[in-house]
Amino acid sequence: MNKIKTDMQCPFCGECATRYVFPTQSRLKCYVCDMVLFLKYIDDDPEAIDERGFGRLAYEPFIHNEEIMELNEVFR
Ligand SMILES: [Zn+2]
């Protein structure tokens, strides 16, 4: 299985790196601070890559949908 080049910019510790992930992966762990990041598609197409060859962006914290729903309950 071909791995996808990912641009990681950790929002927790600021680490920037190029990582390689499986196409089926939806999250990536920062190797510096161990926080879990969400793997976002470059485009609507999961197989799309940008002009630098990146297919995924890891810029945001990974949050489960259930946790978001719980947070919404809290703030209601
Ligand atoms: Zn980090």
# chains A, B, ... in the order shown; residues from 1 in each chain; ligands from 1
$ closest_atom_pairs --of "chain A" --to "ligand 1" --cutoff "9 Å" --atoms "only C-alpha atoms and all ligand atoms" --output "tab-separated table"
residue	atom	partner	partner_atom_place_in_ligand_line	distance
A:Gln9	CA	ligand 1	1 (Zn)	7.9
A:Cys10	CA	ligand 1	1 (Zn)	4.6
A:Pro11	CA	ligand 1	1 (Zn)	6.7
A:Phe12	CA	ligand 1	1 (Zn)	5.1
A:Cys13	CA	ligand 1	1 (Zn)	4.2
A:Gly14	CA	ligand 1	1 (Zn)	6.1
A:Glu15	CA	ligand 1	1 (Zn)	5.5
A:Cys16	CA	ligand 1	1 (Zn)	8.5
A:Lys29	CA	ligand 1	1 (Zn)	8.0
A:Cys30	CA	ligand 1	1 (Zn)	4.6
A:Tyr31	CA	ligand 1	1 (Zn)	6.6
A:Val32	CA	ligand 1	1 (Zn)	5.0
A:Cys33	CA	ligand 1	1 (Zn)	4.2
A:Asp34	CA	ligand 1	1 (Zn)	6.2
A:Met35	CA	ligand 1	1 (Zn)	5.9
A:Val36	CA	ligand 1	1 (Zn)	8.3
A:Leu37	CA	ligand 1	1 (Zn)	8.6
$ write_last_selection --atoms "C-alpha atoms" --output "mmCIF file, in the first residue's frame"
data_model
loop_
_atom_site.group_PDB
_atom_site.id
_atom_site.type_symbol
_atom_site.label_atom_id
_atom_site.label_comp_id
_atom_site.auth_asym_id
_atom_site.auth_seq_id
_atom_site.Cartn_x
_atom_site.Cartn_y
_atom_site.Cartn_z
ATOM 1 C CA GLN A 9 2.184 21.222 11.889
ATOM 2 C CA CYS A 10 1.368 20.292 15.449
ATOM 3 C CA PRO A 11 -0.996 22.836 17.081
ATOM 4 C CA PHE A 12 0.117 21.665 20.536
ATOM 5 C CA CYS A 13 3.913 21.877 20.411
ATOM 6 C CA GLY A 14 4.536 23.651 17.082
ATOM 7 C CA GLU A 15 6.552 20.804 15.560
ATOM 8 C CA CYS A 16 6.621 20.860 11.745
ATOM 9 C CA LYS A 29 0.200 11.034 16.580
ATOM 10 C CA CYS A 30 2.734 13.819 17.042
ATOM 11 C CA TYR A 31 6.080 12.148 17.765
ATOM 12 C CA VAL A 32 7.166 15.074 19.960
ATOM 13 C CA CYS A 33 4.236 15.695 22.319
ATOM 14 C CA ASP A 34 2.174 12.491 21.698
ATOM 15 C CA MET A 35 -1.013 14.423 20.931
ATOM 16 C CA VAL A 36 -3.332 13.017 18.255
ATOM 17 C CA LEU A 37 -3.882 15.117 15.139
#
$ residues_around --residues "A:Leu39" --least-positions-apart "2" --cutoff "12 Å" --atoms "only C-alpha atoms" --output "PyMOL selection string"
chain A and resi 4-10+19-30+36-37+41-43+46+54-63
$ write_last_selection --atoms "C-alpha atoms" --output "short mmCIF file (atom, residue, chain, number, x, y, z; two decimals), in the first residue's frame"
data_model
loop_
_atom_site.label_atom_id
_atom_site.label_comp_id
_atom_site.auth_asym_id
_atom_site.auth_seq_id
_atom_site.Cartn_x
_atom_site.Cartn_y
_atom_site.Cartn_z
CA ILE A 4 0.59 9.40 1.57
CA LYS A 5 2.90 12.35 2.17
CA THR A 6 1.53 14.47 5.00
CA ASP A 7 2.37 18.00 6.11
CA MET A 8 2.31 17.97 9.91
CA GLN A 9 2.18 21.22 11.89
CA CYS A 10 1.37 20.29 15.45
CA ARG A 19 5.16 12.36 7.69
CA TYR A 20 3.90 9.39 5.69
CA VAL A 21 0.54 7.82 6.50
CA PHE A 22 -1.65 5.02 5.18
CA PRO A 23 -4.60 6.09 3.00
CA THR A 24 -6.99 4.55 5.54
CA GLN A 25 -5.51 6.48 8.48
CA SER A 26 -7.66 9.29 9.89
CA ARG A 27 -5.35 10.42 12.67
CA LEU A 28 -1.66 10.92 13.30
CA LYS A 29 0.20 11.03 16.58
CA CYS A 30 2.73 13.82 17.04
CA VAL A 36 -3.33 13.02 18.26
CA LEU A 37 -3.88 15.12 15.14
CA TYR A 41 -7.75 15.72 2.95
CA ILE A 42 -6.02 18.27 0.71
CA ASP A 43 -9.17 18.29 -1.42
CA PRO A 46 -9.09 11.49 -0.77
CA PHE A 54 1.21 16.37 -0.02
CA GLY A 55 -2.05 14.43 0.23
CA ARG A 56 -2.92 15.12 3.88
CA LEU A 57 -2.65 18.02 6.31
CA ALA A 58 -2.23 17.41 10.03
CA TYR A 59 -2.87 20.88 11.45
CA GLU A 60 -5.78 20.25 13.83
CA PRO A 61 -6.41 18.23 16.98
CA PHE A 62 -8.25 14.97 16.40
CA ILE A 63 -11.63 15.07 18.14
#
$ select_by_dssp --residues "chain A" --states "alpha helix (DSSP H)" --output "list of chain:residue names"
A:Asn65, A:Glu66, A:Glu67, A:Ile68, A:Met69, A:Glu70, A:Leu71, A:Asn72, A:Glu73, A:Val74, A:Phe75
